[in-house]
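Raw contents of query.cif, mmCIF, C-alpha atoms:
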data_final
loop_
_atom_site.label_atom_id
_atom_site.label_comp_id
_atom_site.auth_asym_id
_atom_site.auth_seq_id
_atom_site.Cartn_x
_atom_site.Cartn_y
_atom_site.Cartn_z
CA MET A 1 -22.18 -37.20 -12.57
CA ASN A 2 -21.68 -37.32 -16.26
CA LYS A 3 -18.52 -35.59 -17.48
CA ASP A 4 -19.66 -35.54 -21.10
CA SER A 5 -19.52 -31.98 -22.35
CA ASN A 6 -22.52 -32.70 -24.54
CA ILE A 7 -24.69 -33.13 -21.50
CA PRO A 8 -25.90 -29.79 -20.25
CA ASN A 9 -25.49 -28.97 -16.61
CA PHE A 10 -28.96 -27.90 -15.60
CA GLY A 11 -28.05 -28.60 -12.03
CA ASP A 12 -27.84 -31.85 -10.12
CA SER A 13 -31.40 -31.66 -8.87
CA LEU A 14 -32.75 -31.77 -12.42
CA LYS A 15 -31.17 -35.13 -13.00
CA LYS A 16 -33.05 -36.64 -10.10
CA ASN A 17 -36.06 -38.69 -11.02
CA PRO A 18 -39.14 -36.59 -10.15
CA PHE A 19 -41.53 -39.49 -10.61
CA SER A 20 -42.45 -42.21 -8.19
CA VAL A 21 -44.46 -45.43 -8.21
CA PRO A 22 -46.94 -46.96 -5.75
CA ASP A 23 -45.39 -48.88 -2.86
CA GLY A 24 -44.27 -52.38 -3.83
CA TYR A 25 -45.03 -51.74 -7.48
CA PHE A 26 -41.87 -53.35 -8.83
CA ASP A 27 -42.27 -56.32 -6.49
CA SER A 28 -45.65 -57.23 -7.90
CA LEU A 29 -45.06 -56.28 -11.55
CA PRO A 30 -43.22 -59.51 -12.57
CA SER A 31 -46.02 -61.74 -11.33
CA ARG A 32 -48.66 -59.58 -13.05
CA ILE A 33 -46.70 -59.80 -16.28
CA GLN A 34 -46.27 -63.54 -15.83
CA GLU A 35 -50.04 -63.94 -15.59
CA LYS A 36 -50.40 -62.38 -19.03
CA CYS A 37 -47.79 -64.60 -20.60
CA VAL A 38 -48.45 -68.06 -21.88
CA LYS A 39 -45.85 -70.40 -23.26
CA PRO A 40 -45.10 -69.19 -26.75
CA VAL A 41 -45.48 -71.73 -29.47
CA PRO A 42 -42.25 -71.34 -31.41
CA LYS A 43 -43.10 -70.15 -34.86
CA ARG A 44 -41.56 -72.30 -37.52
CA SER A 45 -40.38 -70.55 -40.59
CA TRP A 46 -41.81 -71.77 -43.89
CA VAL A 47 -38.43 -73.23 -44.77
CA LYS A 48 -38.37 -75.30 -41.58
CA THR A 49 -41.94 -76.41 -42.22
CA LEU A 50 -41.22 -77.28 -45.82
CA ILE A 51 -38.01 -79.27 -45.31
CA PRO A 52 -39.59 -82.44 -43.80
CA GLN A 53 -42.38 -82.40 -46.36
CA LEU A 54 -39.89 -81.84 -49.14
CA GLY A 55 -37.84 -84.77 -47.79
CA PHE A 56 -40.92 -86.96 -47.84
CA VAL A 57 -41.72 -86.00 -51.43
CA VAL A 58 -38.10 -86.55 -52.56
CA GLY A 59 -38.03 -89.93 -50.79
CA PHE A 60 -41.26 -90.95 -52.45
CA VAL A 61 -40.02 -89.91 -55.90
CA VAL A 62 -36.75 -91.84 -55.36
CA LEU A 63 -38.71 -94.95 -54.33
CA VAL A 64 -40.93 -94.68 -57.39
CA LEU A 65 -37.88 -94.32 -59.64
CA ILE A 66 -36.16 -97.31 -58.02
CA ALA A 67 -39.32 -99.41 -58.35
CA LYS A 68 -39.79 -98.33 -61.92
CA GLY A 69 -36.18 -99.18 -62.74
CA PHE A 70 -36.44 -102.61 -61.07
CA PHE A 71 -39.69 -103.63 -62.65
CA GLY A 72 -38.57 -102.09 -65.91
CA ILE A 73 -35.68 -104.54 -66.09
CA VAL A 74 -37.47 -107.60 -64.76
CA GLY A 75 -40.81 -107.12 -66.35
CA GLN A 76 -39.76 -105.51 -69.60
CA THR A 77 -42.21 -106.39 -72.33
CA PRO A 78 -41.23 -106.39 -75.99
CA GLU A 79 -42.69 -103.94 -78.33
CA ASN A 80 -44.48 -106.72 -80.22
CA PRO A 81 -44.87 -109.78 -77.97
CA GLN A 82 -46.74 -111.73 -80.64
CA ALA A 83 -43.66 -111.63 -82.85
CA ASN A 84 -41.62 -113.30 -80.10
CA VAL A 85 -44.22 -115.99 -79.61
CA ALA A 86 -44.33 -116.56 -83.37
CA GLN A 87 -40.55 -116.73 -83.44
CA VAL A 88 -40.50 -119.49 -80.82
CA THR A 89 -43.41 -121.27 -82.40
CA ASP A 90 -41.83 -121.11 -85.83
CA THR A 91 -38.52 -122.48 -84.69
CA THR A 92 -38.78 -125.98 -85.89
CA MET A 93 -37.22 -128.88 -84.19
CA TYR A 94 -35.64 -131.38 -86.53
CA TYR A 95 -34.11 -134.79 -86.17
CA ASP A 96 -31.36 -136.05 -88.40
CA GLU A 97 -31.18 -139.62 -89.61
CA ASN A 98 -29.31 -140.65 -86.50
CA GLY A 99 -32.17 -139.45 -84.39
CA GLU A 100 -30.15 -136.51 -83.07
CA GLN A 101 -32.23 -133.46 -82.26
CA PHE A 102 -31.32 -130.19 -83.90
CA TYR A 103 -32.87 -126.87 -84.73
CA ALA A 104 -32.93 -125.15 -88.04
CA ASP A 105 -30.45 -122.29 -88.26
CA GLU A 106 -33.11 -119.93 -89.41
CA ASP A 107 -36.68 -119.67 -88.55
CA ILE A 108 -38.90 -121.16 -91.12
CA ALA A 109 -41.85 -119.11 -91.96
CA ILE A 110 -45.03 -121.05 -92.00
CA ASP A 111 -46.90 -120.55 -95.14
CA ASP A 112 -50.03 -122.51 -95.89
CA ALA A 113 -49.26 -122.67 -99.61
CA ILE A 114 -45.77 -124.13 -99.02
CA ILE A 115 -47.09 -126.67 -96.58
CA SER A 116 -49.78 -127.74 -99.02
CA TYR A 117 -47.18 -128.09 -101.77
CA LEU A 118 -44.91 -130.20 -99.62
CA VAL A 119 -47.75 -132.44 -98.51
CA ASP A 120 -49.03 -132.82 -102.06
CA ASN A 121 -45.59 -133.80 -103.33
CA ASN A 122 -44.85 -136.06 -100.42
CA ILE A 123 -41.76 -134.06 -99.45
CA SER A 124 -40.97 -134.25 -95.79
CA ASP A 125 -39.18 -131.52 -93.87
CA ILE A 126 -36.25 -133.89 -93.43
CA ASP A 127 -35.93 -134.08 -97.20
CA ILE A 128 -35.79 -130.32 -97.37
CA VAL A 129 -33.10 -130.04 -94.77
CA GLN A 130 -31.04 -132.77 -96.33
CA GLU A 131 -31.33 -131.04 -99.68
CA MET B 132 -31.01 -63.12 -6.78
CA GLN B 133 -28.09 -64.36 -8.81
CA ASP B 134 -26.97 -62.03 -11.60
CA PHE B 135 -27.18 -63.72 -14.95
CA SER B 136 -25.87 -62.25 -18.17
CA ASP B 137 -28.30 -61.55 -21.00
CA LYS B 138 -26.90 -64.48 -22.93
CA GLU B 139 -27.41 -66.82 -20.00
CA LEU B 140 -30.96 -65.59 -19.51
CA VAL B 141 -31.87 -66.01 -23.16
CA GLY B 142 -30.24 -69.46 -23.13
CA MET B 143 -32.23 -70.43 -20.04
CA PHE B 144 -35.42 -69.19 -21.69
CA ARG B 145 -34.84 -71.23 -24.81
CA ASN B 146 -33.25 -74.38 -23.49
CA GLY B 147 -33.52 -74.34 -19.72
CA GLY B 148 -36.77 -76.25 -19.49
CA ASN B 149 -38.42 -73.50 -17.51
CA PRO B 150 -38.94 -70.46 -19.74
CA SER B 151 -41.30 -68.82 -17.24
CA TYR B 152 -38.60 -68.73 -14.60
CA ALA B 153 -36.02 -67.36 -17.03
CA PHE B 154 -38.43 -64.73 -18.28
CA ASN B 155 -39.27 -63.73 -14.74
CA LEU B 156 -35.57 -63.07 -14.19
CA ILE B 157 -35.46 -60.95 -17.35
CA VAL B 158 -38.45 -58.91 -16.17
CA ARG B 159 -36.89 -58.37 -12.76
CA LYS B 160 -33.62 -57.30 -14.35
CA TYR B 161 -35.09 -54.75 -16.77
CA GLN B 162 -38.50 -53.76 -15.48
CA GLU B 163 -37.35 -50.52 -13.85
CA ARG B 164 -35.37 -49.24 -16.80
CA VAL B 165 -38.21 -50.03 -19.19
CA TYR B 166 -40.72 -48.47 -16.82
CA TRP B 167 -38.84 -45.18 -16.44
CA HIS B 168 -38.14 -44.99 -20.14
CA ILE B 169 -41.87 -45.12 -20.83
CA ARG B 170 -42.92 -43.04 -17.87
CA LYS B 171 -40.81 -40.07 -18.96
CA MET B 172 -42.67 -40.13 -22.26
CA VAL B 173 -46.29 -40.68 -21.21
CA MET B 174 -46.01 -39.09 -17.74
CA CYS B 175 -48.92 -40.98 -16.20
CA HIS B 176 -48.24 -44.00 -13.99
CA ASP B 177 -51.36 -45.94 -15.02
CA ASP B 178 -50.63 -45.58 -18.73
CA THR B 179 -47.02 -46.55 -18.10
CA ASP B 180 -48.11 -49.61 -16.14
CA ASP B 181 -50.25 -50.81 -19.05
CA LEU B 182 -47.48 -50.16 -21.54
CA VAL B 183 -44.79 -51.91 -19.50
CA GLN B 184 -46.94 -55.02 -19.34
CA ASP B 185 -47.58 -54.85 -23.08
CA VAL B 186 -43.86 -54.49 -23.73
CA PHE B 187 -42.96 -57.55 -21.70
CA VAL B 188 -45.78 -59.63 -23.15
CA LYS B 189 -44.46 -58.75 -26.61
CA ALA B 190 -40.96 -59.61 -25.46
CA TRP B 191 -42.21 -62.96 -24.16
CA LYS B 192 -43.74 -63.76 -27.51
CA GLY B 193 -40.73 -62.57 -29.49
CA LEU B 194 -37.88 -63.83 -27.33
CA GLU B 195 -37.87 -67.20 -29.07
CA ASN B 196 -36.84 -65.43 -32.28
CA PHE B 197 -34.60 -62.81 -30.65
CA ARG B 198 -31.37 -62.54 -32.58
CA GLU B 199 -28.50 -62.06 -30.24
CA ASP B 200 -26.71 -59.66 -32.54
CA SER B 201 -28.17 -56.87 -30.39
CA ARG B 202 -28.21 -56.58 -26.62
CA LEU B 203 -31.30 -57.80 -24.84
CA PHE B 204 -31.64 -54.42 -23.19
CA THR B 205 -31.44 -52.59 -26.52
CA TRP B 206 -34.10 -54.89 -27.90
CA LEU B 207 -36.42 -54.26 -24.95
CA TYR B 208 -35.84 -50.51 -25.21
CA ARG B 209 -36.77 -50.67 -28.87
CA ILE B 210 -40.03 -52.49 -28.14
CA ALA B 211 -40.78 -50.00 -25.36
CA THR B 212 -40.06 -47.04 -27.65
CA ASN B 213 -42.28 -48.36 -30.43
CA GLU B 214 -45.10 -49.13 -28.03
CA THR B 215 -44.84 -45.71 -26.45
CA LEU B 216 -44.83 -43.82 -29.73
CA ALA B 217 -47.78 -45.88 -30.96
CA PHE B 218 -49.64 -45.16 -27.73
CA LEU B 219 -49.05 -41.41 -27.96
CA LYS B 220 -50.14 -41.36 -31.58
CA LYS B 221 -53.25 -43.38 -30.79
CA ARG B 222 -54.20 -41.10 -27.93
CA GLN B 223 -53.68 -38.03 -30.08
CA LYS B 224 -55.98 -39.48 -32.73
CA LYS B 225 -58.55 -40.73 -30.22
CA GLN B 226 -58.88 -37.37 -28.56
CA ALA B 227 -58.49 -35.54 -31.85
CA LEU B 228 -55.87 -33.31 -30.31
CA PRO B 229 -53.73 -31.01 -32.41
CA LEU B 230 -50.03 -31.37 -31.69
CA SER B 231 -49.89 -28.20 -29.59
CA ASP B 232 -52.64 -29.53 -27.33
CA VAL B 233 -50.82 -32.79 -26.75
CA GLU B 234 -48.24 -30.76 -24.89
CA ASN B 235 -50.95 -29.15 -22.73
CA TYR B 236 -52.63 -32.50 -22.17
CA LEU B 237 -49.41 -34.15 -20.99
CA SER B 238 -48.58 -31.10 -18.91
CA ASN B 239 -51.92 -31.33 -17.13
CA THR B 240 -51.43 -35.07 -16.69
CA LEU B 241 -48.07 -34.39 -15.11
CA GLU B 242 -49.41 -31.81 -12.65
CA SER B 243 -52.32 -33.96 -11.59
CA ASP B 244 -50.25 -37.15 -11.26
CA GLU B 245 -50.12 -38.22 -7.63
CA TYR B 246 -46.84 -40.00 -8.36
CA PHE B 247 -44.99 -36.89 -9.45
CA ASN B 248 -42.84 -35.74 -6.56
CA GLY B 249 -40.64 -33.23 -8.33
CA ASP B 250 -40.11 -29.68 -7.18
CA ALA B 251 -40.98 -26.55 -9.20
CA ILE B 252 -37.76 -26.58 -11.23
CA GLN B 253 -38.16 -30.26 -12.07
CA LEU B 254 -41.73 -29.63 -13.12
CA LYS B 255 -40.46 -26.80 -15.30
CA LEU B 256 -37.89 -29.08 -16.95
CA GLN B 257 -40.53 -31.69 -17.64
CA LYS B 258 -42.78 -29.04 -19.15
CA ALA B 259 -39.87 -27.79 -21.24
CA LEU B 260 -39.36 -31.34 -22.50
CA LEU B 261 -43.01 -31.55 -23.45
CA THR B 262 -42.48 -28.73 -25.93
CA LEU B 263 -40.09 -30.98 -27.89
CA PRO B 264 -41.20 -33.24 -30.71
CA GLU B 265 -41.58 -36.83 -29.47
CA LYS B 266 -38.46 -38.20 -31.16
CA GLN B 267 -36.36 -35.31 -29.85
CA ARG B 268 -37.76 -35.89 -26.38
CA LEU B 269 -36.85 -39.54 -26.61
CA VAL B 270 -33.31 -38.69 -27.62
CA PHE B 271 -33.00 -36.15 -24.82
CA ASN B 272 -34.32 -38.60 -22.21
CA MET B 273 -32.04 -41.40 -23.28
CA ARG B 274 -28.98 -39.18 -23.47
CA TYR B 275 -29.53 -36.85 -20.52
CA PHE B 276 -31.33 -39.02 -17.97
CA ASP B 277 -30.35 -42.56 -18.99
CA GLU B 278 -26.88 -41.50 -20.17
CA LEU B 279 -26.94 -43.95 -23.05
CA LYS B 280 -24.25 -43.69 -25.69
CA TYR B 281 -25.25 -42.34 -29.08
CA GLU B 282 -24.36 -45.71 -30.60
CA GLU B 283 -26.86 -47.43 -28.31
CA ILE B 284 -29.55 -44.85 -29.00
CA SER B 285 -28.84 -45.31 -32.69
CA LYS B 286 -29.54 -49.04 -32.40
CA ILE B 287 -32.75 -48.43 -30.48
CA LEU B 288 -34.18 -45.74 -32.73
CA GLY B 289 -32.62 -46.84 -36.00
CA THR B 290 -31.27 -43.33 -36.57
CA SER B 291 -27.71 -42.37 -37.48
CA VAL B 292 -25.40 -41.12 -34.75
CA GLY B 293 -24.94 -37.82 -36.61
CA ALA B 294 -28.67 -37.22 -36.75
CA LEU B 295 -28.99 -38.07 -33.07
CA LYS B 296 -26.27 -35.61 -32.10
CA ALA B 297 -28.00 -32.88 -34.07
CA SER B 298 -31.36 -33.80 -32.56
CA TYR B 299 -29.95 -33.72 -29.04
CA HIS B 300 -28.22 -30.41 -29.71
CA TYR B 301 -31.49 -28.80 -30.83
CA ALA B 302 -33.33 -30.32 -27.88
CA VAL B 303 -30.84 -28.87 -25.40
CA GLN B 304 -31.08 -25.45 -27.01
CA LYS B 305 -34.87 -25.48 -26.80
CA VAL B 306 -34.88 -26.66 -23.19
CA GLU B 307 -32.34 -24.01 -22.16
CA LYS B 308 -34.38 -21.35 -23.91
CA TYR B 309 -37.58 -22.52 -22.22
CA LEU B 310 -35.94 -22.54 -18.80
CA GLU B 311 -34.60 -19.03 -19.34
CA GLU B 312 -37.92 -17.65 -20.53
CA ASN B 313 -40.00 -19.31 -17.83
#
Mind turning this structure into structure tokens?
Amino acid sequence: MNKDSNIPNFGDSLKKNPFSVPDGYFDSLPSRIQEKCVKPVPKRSWVKTLIPQLGFVVGFVVLVLIAKGFFGIVGQTPENPQANVAQVTDTTMYYDENGEQFYADEDIAIDDAIISYLVDNNISDIDIVQE
Amino acid sequence: MQDFSDKELVGMFRNGGNPSYAFNLIVRKYQERVYWHIRKMVMCHDDTDDLVQDVFVKAWKGLENFREDSRLFTWLYRIATNETLAFLKKRQKKQALPLSDVENYLSNTLESDEYFNGDAIQLKLQKALLTLPEKQRLVFNMRYFDELKYEEISKILGTSVGALKASYHYAVQKVEKYLEEN
């Protein structure tokens, strides 16, 4: 019996359960409930769902950046590739009188007018260098 | 049947490999308390039977996400309370009953219920309880019959302890008055 003074004393009989259930009700209830239950599919929160996808996206972006960095260094193209080609082409190889090979310190710009002048005056490139 | 704690049962449900078995143990442990909690509110055995099954099916679906910061029993009581109140509201709307007639309806249900075995004074107490608003009746049932602490009732109903004490006080006064007058 409850000693709590908040609980009114209507008499012991009033505390008795006046209701009843059919015979064997509580024996069969669990199996009836079980029939209605199917294995719950655990709901994944949007955060849990997003994390693997986010990981995939981040991984992909990192790979792209790495690839870009790698190919950027190896396959870097100059702003004006023709200038480079011209530079190489215009670097003239010379031979001194001893037959030793050497390169001019500075690139010599090819100019049709200069070439014509040199040819007309029978001035060789060796003469120019020696001058 | 071995007695498992709530924590063990929830652990078995989640990680034990056989959630059906674990849930069956949970049903067996709490079915009677849930049943009587609902029965005292809706009076009729058949309605209670339907509601108890609904409560446990909901529990089955929600147990995966059950946060163990509350007791399993408190959680089940809360589901049962919500289901019961929703049921009573639905029935009131369906039958377009004014509030005063709900009391008569439940009173008639009680008298015609073949599974009510109470004597005249118990019938009178039940009728007295039917004059209370639903929330007050819930508080009275949980405090008087189930002898739950106010703190537990507070967790179930989401009402402050002070408000519950006041509610119970008014309920007792009304019941005493009804018993005296009838």
For this session: Mind checking which residues fall within 9 Å of Gln253 of chain B, counting only C-alpha atoms, ignoring those fewer than 4 positions away in the same chain, and posting them as a PyMOL selection string?
Result: (chain A and resi 13-18) or (chain B and resi 249+257-258)
Seminar exercise, completed: What separates atom CA of Tyr117 of chain A and atom CA of Val129 of chain A is a distance of 15.8 Å
Problem set entry | Among listed residues B:Glu265, B:Glu214, B:Glu195, B:Asp277, nearest Glu234 of chain B (using all atoms listed in the file) | B:Glu265
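Relative to atom CA of Leu207 of chain B, atom CA of Tyr161 of chain B is found at 8.3 Å.
Residue nearest Gln184 of chain B, chosen from B:Met273, B:Ile169, B:Leu295, B:Val141 and counting only C-alpha atoms: B:Ile169.
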For this session: Have a look at B:Gln304, B:Asn155, B:Asn146, B:Asn239 and name the one nearest to Asp27 of chain A; count only C-alpha atoms.
Result: B:Asn155
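Put simply, atom CA of Ala211 of chain B is 6.7 Å away from atom CA of Val165 of chain B.
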For this session: Take the point (-40.3, -58.1, -23.6) in the file's coordinates, draw a sphere of radius 9 Å around it, and report as a PyMOL selection string every protein, DNA or RNA residue with an atom inside or on it, counting all atoms listed in the file.
Result: chain B and resi 154+157-158+183-194+206-208+210-211
Please produce a file of those selected residues containing C-alpha atoms, as a PDB file, in the coordinates of the input.
ATOM      1  CA  PHE B 154     -38.430 -64.730 -18.280  1.00  0.00           C
ATOM      2  CA  ILE B 157     -35.460 -60.950 -17.350  1.00  0.00           C
ATOM      3  CA  VAL B 158     -38.450 -58.910 -16.170  1.00  0.00           C
ATOM      4  CA  VAL B 183     -44.790 -51.910 -19.500  1.00  0.00           C
ATOM      5  CA  GLN B 184     -46.940 -55.020 -19.340  1.00  0.00           C
ATOM      6  CA  ASP B 185     -47.580 -54.850 -23.080  1.00  0.00           C
ATOM      7  CA  VAL B 186     -43.860 -54.490 -23.730  1.00  0.00           C
ATOM      8  CA  PHE B 187     -42.960 -57.550 -21.700  1.00  0.00           C
ATOM      9  CA  VAL B 188     -45.780 -59.630 -23.150  1.00  0.00           C
ATOM     10  CA  LYS B 189     -44.460 -58.750 -26.610  1.00  0.00           C
ATOM     11  CA  ALA B 190     -40.960 -59.610 -25.460  1.00  0.00           C
ATOM     12  CA  TRP B 191     -42.210 -62.960 -24.160  1.00  0.00           C
ATOM     13  CA  LYS B 192     -43.740 -63.760 -27.510  1.00  0.00           C
ATOM     14  CA  GLY B 193     -40.730 -62.570 -29.490  1.00  0.00           C
ATOM     15  CA  LEU B 194     -37.880 -63.830 -27.330  1.00  0.00           C
ATOM     16  CA  TRP B 206     -34.100 -54.890 -27.900  1.00  0.00           C
ATOM     17  CA  LEU B 207     -36.420 -54.260 -24.950  1.00  0.00           C
ATOM     18  CA  TYR B 208     -35.840 -50.510 -25.210  1.00  0.00           C
ATOM     19  CA  ILE B 210     -40.030 -52.490 -28.140  1.00  0.00           C
ATOM     20  CA  ALA B 211     -40.780 -50.000 -25.360  1.00  0.00           C
TER      21      ALA B 211
END
Problem set entry | Explicit residue set for the PyMOL selection byres ((chain B and resi 284) around 12), as a PyMOL selection string | chain B and resi 204-206+208-209+212+266-267+269-275+277-283+285-296+298-299
Given the file above and the PyMOL selection byres ((chain A and resi 20) around 10), which residues are selected, and can you give them as a PDB file with C-alpha atoms, in the coordinates of the input?
ATOM      1  CA  ASN A  17     -36.060 -38.690 -11.020  1.00  0.00           C
ATOM      2  CA  PRO A  18     -39.140 -36.590 -10.150  1.00  0.00           C
ATOM      3  CA  PHE A  19     -41.530 -39.490 -10.610  1.00  0.00           C
ATOM      4  CA  VAL A  21     -44.460 -45.430  -8.210  1.00  0.00           C
ATOM      5  CA  PRO A  22     -46.940 -46.960  -5.750  1.00  0.00           C
ATOM      6  CA  ASP A  23     -45.390 -48.880  -2.860  1.00  0.00           C
ATOM      7  CA  TYR A  25     -45.030 -51.740  -7.480  1.00  0.00           C
TER       8      TYR A  25
ATOM      9  CA  TRP B 167     -38.840 -45.180 -16.440  1.00  0.00           C
ATOM     10  CA  ARG B 170     -42.920 -43.040 -17.870  1.00  0.00           C
ATOM     11  CA  HIS B 176     -48.240 -44.000 -13.990  1.00  0.00           C
ATOM     12  CA  ASP B 244     -50.250 -37.150 -11.260  1.00  0.00           C
ATOM     13  CA  GLU B 245     -50.120 -38.220  -7.630  1.00  0.00           C
ATOM     14  CA  TYR B 246     -46.840 -40.000  -8.360  1.00  0.00           C
ATOM     15  CA  PHE B 247     -44.990 -36.890  -9.450  1.00  0.00           C
ATOM     16  CA  ASN B 248     -42.840 -35.740  -6.560  1.00  0.00           C
ATOM     17  CA  GLY B 249     -40.640 -33.230  -8.330  1.00  0.00           C
TER      18      GLY B 249
END
